[in-house]
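Novice: One structure coming up, written as structure tokens, with questions to follow.
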Amino acid sequence: MTAQIKMTRKEAEVQMACFRQTFSSVRLLNEKAVLHAPQAHSKRTELECRVLHEKRQLTTLDVTPQRAEQIFARYIEVDGEPCVLELVQDLQQDTPEAVVQRRQMLTQTGSMGEKLYRDALTGLYNRRYYEDALKNRSMEAGVAVLDMDGFKACNETYGHQAGDKMLEAAVGVMRHCVRRSDTIIRYGGDEFLLLLPHIEEATFQQKLQDICCQISETRLPGLEDIRLSVSIGGLINRGEPIDCAVERANQLMMQAKKSRNAVVTDSEIAAEDIAPRKDTQPRMKILIVDDSRTNRAILNGLIPDRYDVLEAADGLEGLDMLRRYGTEIALVLLDLLMPTLDGFDMLSLMAANQWLEEIPVVMISSENDADTIHRAYDLGVSDYITRPFDADVVSQRISNTIKLYARQRGLSNQVRDQIQEKERSNRLMLEIISEVVSARNGESGAHMRHLCLLTEVLLDTLVSKTKRYTLTPHERKVIVTASAFHDIGKMGIDEKILNKSGQLTEEEYIVMKSHTLIGASMLARLDHYRDEELARTAYQICRWHHERYDGGGYPDGLKGEEIPIAAQVVSIADAYDALISPRVYKEGFSHEQAMQMIRNGECGAFNPLLIECLEDSQSRIRYLASMTAERFS
């Protein structure tokens, strides 16, 4: 069965108008019209009845002494009503060109239903598919909602390209962990819905834990400082409507979100714990982890009344509390010597889950040798108190630790906000430069944004593929930013030459090539900033992004590794984007055509390693190419 197409009446009318350009007759028939069709077209009616019954597309030939017709009948639903889209072509008046055009149109619209329900970035089913096909169904299945932790902050700090990589990496893990019969849906920006039909509860929980664990272990090439993690809420649906199960799974996910990098299922938590709190904000909590009931009671008496106290008899129970309450816990008071999981083991696991970044730990123990104390501080404790202790002193040190962490948290938020504001300012600067240059040379302002994306993709692939070029994440970011300046020299070229629709004369081509030197000269005149890393890199790119690996480029005829790697990467990225983008003098080529032209050396010789990087990055490059096609459509 082919993908069923659902559309509104208006969308159907638009599609029918397109078909009328190549078909002799185009009709939209509801079920009543098909069943009451005249007998004169019995063969056509039989075909359309089959299409309604089987919900698919069929075709046939209807040949009589009076006519020869090819009939296409396609099942669609218009505003929820089953219909048949009937396309008829008079073969006696056909031409080869019309046959080709008709075939292309059928191919494009045949995949329309699939595209309608697919997410462009990940290829997963999208929210529209859930709303149309699943929302009101009742089924026995494991239902889970998965949300990326810290996605918005990373997106704003590192840019949308980094956000796309995070999503693609998480989706790769999910696809690896689930079965072929399972469904993954991109439910929102960084939120996913998993439907796992006919699955045992223990297996379902294990799969969710595997997904959570494997995503946290995933590293992004070129973005080593980003740590991926997800919060997952899940349950076994016993036949109620899917939308009700999704709502409950979403509440469980919000509970997991308190801890981050966690899985919460309905078998682990009582219903009242996942109900939204309507009255007040939850009070901050202090967690006491000690196997001695007496010690817990003593410490409980030292904690101010403004805090709720949680108690755990060992490290495992303490970790469960951390997963459950997350950053609602203001402080952990931790014993060292405990059965099952001691204080050092618990500290190691807290560090692995990144809890120590948010929650301070004060270790309280009778062990007072220097090695033990040093190890505790090495593992991340904020303070170490030895028994026996003075109650007033301990109470004050607990209060001071909480206040210190609160101040540090506030400062961290300020620094993060400043970094994000700086990144936004940088992106604004690049947008302004893009628009200024594009206003002169007739290229789309999006060319520079696209070039930055391509440059980033190639650099990430390059450093993961070889150690020949030691480029740190900071250096790669500088190259990406500097790539936006590659054509600023065109500001000094006559507009008549820049925007000429025909071929340039030899004299005009010489003038056009001078934009590399003009741009480099602009940057060299920045007396106070010429030694800055960004200015140096931008100079290299401006001057040498038209050099070629075999020495056949300009302006200096550099060869091989004489060309700085920044200029080499921008050079091949610029060539690719120039090929797929329309210009005043040409139409844009397809991704496949552009790749073949670069392999054949039709744009000059490039570093073979960079051509391999372009090949290796084709899935991401193809996605960017589709963005370009939409931009100019």
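Labeling convention for the structure tokens: chains A, B, ... as they appear, residues from 1 per chain, ligands from 1 in order of appearance.
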What lies within 8 Å of Glu508 of chain A using only C-alpha atoms, ignoring chain neighbours under 4 positions off, as a PyMOL selection string?
Specialist: chain A and resi 497+504+512
Novice: Suppose we keep N, CA and C atoms; can you now write the selection as a PDB file, in the first residue's frame?
Specialist:
```pdb
ATOM      1  N   ILE A 497      30.282  44.944 -13.532  1.00  0.00           N
ATOM      2  CA  ILE A 497      31.036  43.692 -13.698  1.00  0.00           C
ATOM      3  C   ILE A 497      30.492  42.625 -12.755  1.00  0.00           C
ATOM      4  N   LEU A 504      32.169  37.282 -18.779  1.00  0.00           N
ATOM      5  CA  LEU A 504      33.076  38.416 -18.619  1.00  0.00           C
ATOM      6  C   LEU A 504      34.132  38.416 -19.709  1.00  0.00           C
ATOM      7  N   MET A 512      37.689  41.396 -11.861  1.00  0.00           N
ATOM      8  CA  MET A 512      36.943  40.582 -10.895  1.00  0.00           C
ATOM      9  C   MET A 512      37.885  39.835  -9.952  1.00  0.00           C
TER      10      MET A 512
END
```
Novice: What residues in segment 385-626 of chain A get the DSSP label strand (DSSP E or B)? Please answer as a list in words.
Specialist: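 The residues of segment 385-626 of chain A classed as strand (DSSP E or B) are Ile385, Thr386, Arg583, Lys586, Glu602 and Gly604 of chain A.
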Novice: Got a sec: who's within 9 Å of Gln70 of chain A, counting only C-alpha atoms, leaving out chain neighbours fewer than 3 positions off, as number ranges by chain?
Specialist: A: 59-63, 87-91
Novice: Please produce a file of the residues just selected, as a PDB file, in the first residue's frame, where the atoms kept are N, CA and C atoms.
Specialist:
```pdb
ATOM      1  N   THR A  59      -3.234   2.156 -11.921  1.00  0.00           N
ATOM      2  CA  THR A  59      -3.295   2.722 -13.258  1.00  0.00           C
ATOM      3  C   THR A  59      -3.734   1.642 -14.247  1.00  0.00           C
ATOM      4  N   THR A  60      -4.354   2.080 -15.344  1.00  0.00           N
ATOM      5  CA  THR A  60      -4.788   1.134 -16.377  1.00  0.00           C
ATOM      6  C   THR A  60      -4.873   1.850 -17.715  1.00  0.00           C
ATOM      7  N   LEU A  61      -4.959   1.063 -18.785  1.00  0.00           N
ATOM      8  CA  LEU A  61      -5.196   1.598 -20.130  1.00  0.00           C
ATOM      9  C   LEU A  61      -6.640   1.301 -20.526  1.00  0.00           C
ATOM     10  N   ASP A  62      -7.285   2.275 -21.128  1.00  0.00           N
ATOM     11  CA  ASP A  62      -8.663   2.113 -21.614  1.00  0.00           C
ATOM     12  C   ASP A  62      -8.641   2.381 -23.123  1.00  0.00           C
ATOM     13  N   VAL A  63      -8.633   1.309 -23.902  1.00  0.00           N
ATOM     14  CA  VAL A  63      -8.486   1.433 -25.358  1.00  0.00           C
ATOM     15  C   VAL A  63      -9.754   0.902 -26.033  1.00  0.00           C
ATOM     16  N   LEU A  87      -6.861  10.968 -12.865  1.00  0.00           N
ATOM     17  CA  LEU A  87      -6.054  11.669 -13.867  1.00  0.00           C
ATOM     18  C   LEU A  87      -6.133  10.870 -15.168  1.00  0.00           C
ATOM     19  N   VAL A  88      -6.571  11.507 -16.238  1.00  0.00           N
ATOM     20  CA  VAL A  88      -6.743  10.817 -17.515  1.00  0.00           C
ATOM     21  C   VAL A  88      -5.915  11.533 -18.581  1.00  0.00           C
ATOM     22  N   GLN A  89      -5.195  10.741 -19.373  1.00  0.00           N
ATOM     23  CA  GLN A  89      -4.403  11.311 -20.455  1.00  0.00           C
ATOM     24  C   GLN A  89      -4.802  10.661 -21.782  1.00  0.00           C
ATOM     25  N   ASP A  90      -5.124  11.496 -22.776  1.00  0.00           N
ATOM     26  CA  ASP A  90      -5.454  11.039 -24.129  1.00  0.00           C
ATOM     27  C   ASP A  90      -4.158  10.668 -24.836  1.00  0.00           C
ATOM     28  N   LEU A  91      -3.910   9.370 -25.016  1.00  0.00           N
ATOM     29  CA  LEU A  91      -2.650   8.910 -25.609  1.00  0.00           C
ATOM     30  C   LEU A  91      -2.537   9.246 -27.088  1.00  0.00           C
TER      31      LEU A  91
END
```
Novice: List the spatial neighbours of segment 455-465 of chain A as JSON, numbers by chain - criterion: any atom at most 8 Å away, only C-alpha atoms, same-chain residues fewer than 5 positions off excluded.
Specialist: {"A": [221, 222, 470, 471, 476, 477, 479, 480, 483, 569, 570, 573, 610, 613, 614, 616, 617, 620, 621]}
Novice: For N, CA and C atoms, I'd like the residues from the last selection saved as a JSON list (two decimals), in the first residue's frame.
Specialist:
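What ended up in out01.json:
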```json
[["chain", "number", "residue", "atom", "x", "y", "z"],
["A", 221, "PRO", "N", 31.94, 15.21, 17.30],
["A", 221, "PRO", "CA", 33.22, 15.66, 16.73],
["A", 221, "PRO", "C", 33.23, 17.17, 16.54],
["A", 222, "GLY", "N", 34.28, 17.79, 17.07],
["A", 222, "GLY", "CA", 34.40, 19.24, 16.94],
["A", 222, "GLY", "C", 33.67, 20.02, 18.00],
["A", 470, "THR", "N", 45.96, 20.26, 13.35],
["A", 470, "THR", "CA", 45.59, 20.34, 14.77],
["A", 470, "THR", "C", 44.79, 21.62, 14.99],
["A", 471, "LEU", "N", 43.50, 21.50, 14.81],
["A", 471, "LEU", "CA", 42.61, 22.65, 14.94],
["A", 471, "LEU", "C", 41.74, 22.46, 16.18],
["A", 476, "ARG", "N", 38.57, 26.42, 15.11],
["A", 476, "ARG", "CA", 37.55, 26.12, 14.09],
["A", 476, "ARG", "C", 36.44, 27.17, 14.11],
["A", 477, "LYS", "N", 36.08, 27.59, 15.30],
["A", 477, "LYS", "CA", 35.03, 28.62, 15.40],
["A", 477, "LYS", "C", 35.51, 29.93, 14.78],
["A", 479, "ILE", "N", 37.65, 30.23, 12.28],
["A", 479, "ILE", "CA", 37.62, 30.04, 10.82],
["A", 479, "ILE", "C", 36.20, 30.20, 10.29],
["A", 480, "VAL", "N", 35.23, 29.61, 11.00],
["A", 480, "VAL", "CA", 33.83, 29.72, 10.56],
["A", 480, "VAL", "C", 33.40, 31.19, 10.54],
["A", 483, "SER", "N", 35.10, 33.13, 7.71],
["A", 483, "SER", "CA", 34.67, 32.78, 6.35],
["A", 483, "SER", "C", 33.67, 33.78, 5.80],
["A", 569, "VAL", "N", 39.68, 25.21, 3.14],
["A", 569, "VAL", "CA", 38.34, 24.75, 3.50],
["A", 569, "VAL", "C", 37.28, 25.69, 2.93],
["A", 570, "VAL", "N", 37.48, 27.00, 3.12],
["A", 570, "VAL", "CA", 36.51, 27.97, 2.60],
["A", 570, "VAL", "C", 36.45, 27.91, 1.08],
["A", 573, "ALA", "N", 34.23, 24.96, 0.08],
["A", 573, "ALA", "CA", 32.86, 25.26, 0.51],
["A", 573, "ALA", "C", 32.24, 26.32, -0.39],
["A", 610, "LEU", "N", 40.16, 17.10, 1.48],
["A", 610, "LEU", "CA", 38.95, 17.89, 1.66],
["A", 610, "LEU", "C", 37.82, 17.39, 0.76],
["A", 613, "CYS", "N", 36.38, 14.67, 2.66],
["A", 613, "CYS", "CA", 35.54, 15.21, 3.73],
["A", 613, "CYS", "C", 34.17, 15.62, 3.18],
["A", 614, "LEU", "N", 34.18, 16.20, 1.99],
["A", 614, "LEU", "CA", 32.92, 16.59, 1.35],
["A", 614, "LEU", "C", 32.08, 15.35, 1.06],
["A", 616, "ASP", "N", 32.31, 12.43, 2.69],
["A", 616, "ASP", "CA", 31.90, 11.82, 3.96],
["A", 616, "ASP", "C", 30.74, 12.58, 4.61],
["A", 617, "SER", "N", 30.61, 13.87, 4.29],
["A", 617, "SER", "CA", 29.60, 14.71, 4.93],
["A", 617, "SER", "C", 28.35, 14.85, 4.07],
["A", 620, "ARG", "N", 24.72, 15.52, 5.54],
["A", 620, "ARG", "CA", 24.51, 16.86, 6.07],
["A", 620, "ARG", "C", 24.59, 17.90, 4.96],
["A", 621, "ILE", "N", 25.51, 17.69, 4.00],
["A", 621, "ILE", "CA", 25.64, 18.63, 2.88],
["A", 621, "ILE", "C", 24.37, 18.63, 2.05]]
```
Novice: What does the distance from atom CA of Gly142 of chain A to atom CA of Lys257 of chain A come to in Å, to one decimal?
Specialist: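 So the answer is 19.6 Å.
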Novice: Would you mind listing what lies within 9 Å of Ser521 of chain A as number ranges by chain, with only C-alpha atoms counted and same-chain residues fewer than 6 positions away left out?
Specialist: A: 489, 539, 543
Novice: For the residues in the current selection, export N, CA and C atoms as a PDB file, in the first residue's frame.
Specialist:
```
ATOM      1  N   GLY A 489      36.085  41.980  -0.555  1.00  0.00           N
ATOM      2  CA  GLY A 489      36.781  42.749  -1.589  1.00  0.00           C
ATOM      3  C   GLY A 489      35.897  43.115  -2.764  1.00  0.00           C
ATOM      4  N   TYR A 539      42.169  37.517   6.835  1.00  0.00           N
ATOM      5  CA  TYR A 539      43.111  37.947   5.789  1.00  0.00           C
ATOM      6  C   TYR A 539      43.494  36.754   4.904  1.00  0.00           C
ATOM      7  N   ARG A 543      42.431  36.600   0.881  1.00  0.00           N
ATOM      8  CA  ARG A 543      43.472  36.648  -0.149  1.00  0.00           C
ATOM      9  C   ARG A 543      43.596  35.337  -0.918  1.00  0.00           C
TER      10      ARG A 543
END
```
Novice: When distances are computed from only C-alpha atoms, which of A:Leu228, A:Gly551, A:Arg536, A:Asp132 shows the smallest separation from Ala524 of chain A?
Specialist: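 Nearest candidate to Ala524 of chain A out of A:Leu228, A:Gly551, A:Arg536, A:Asp132: A:Arg536.
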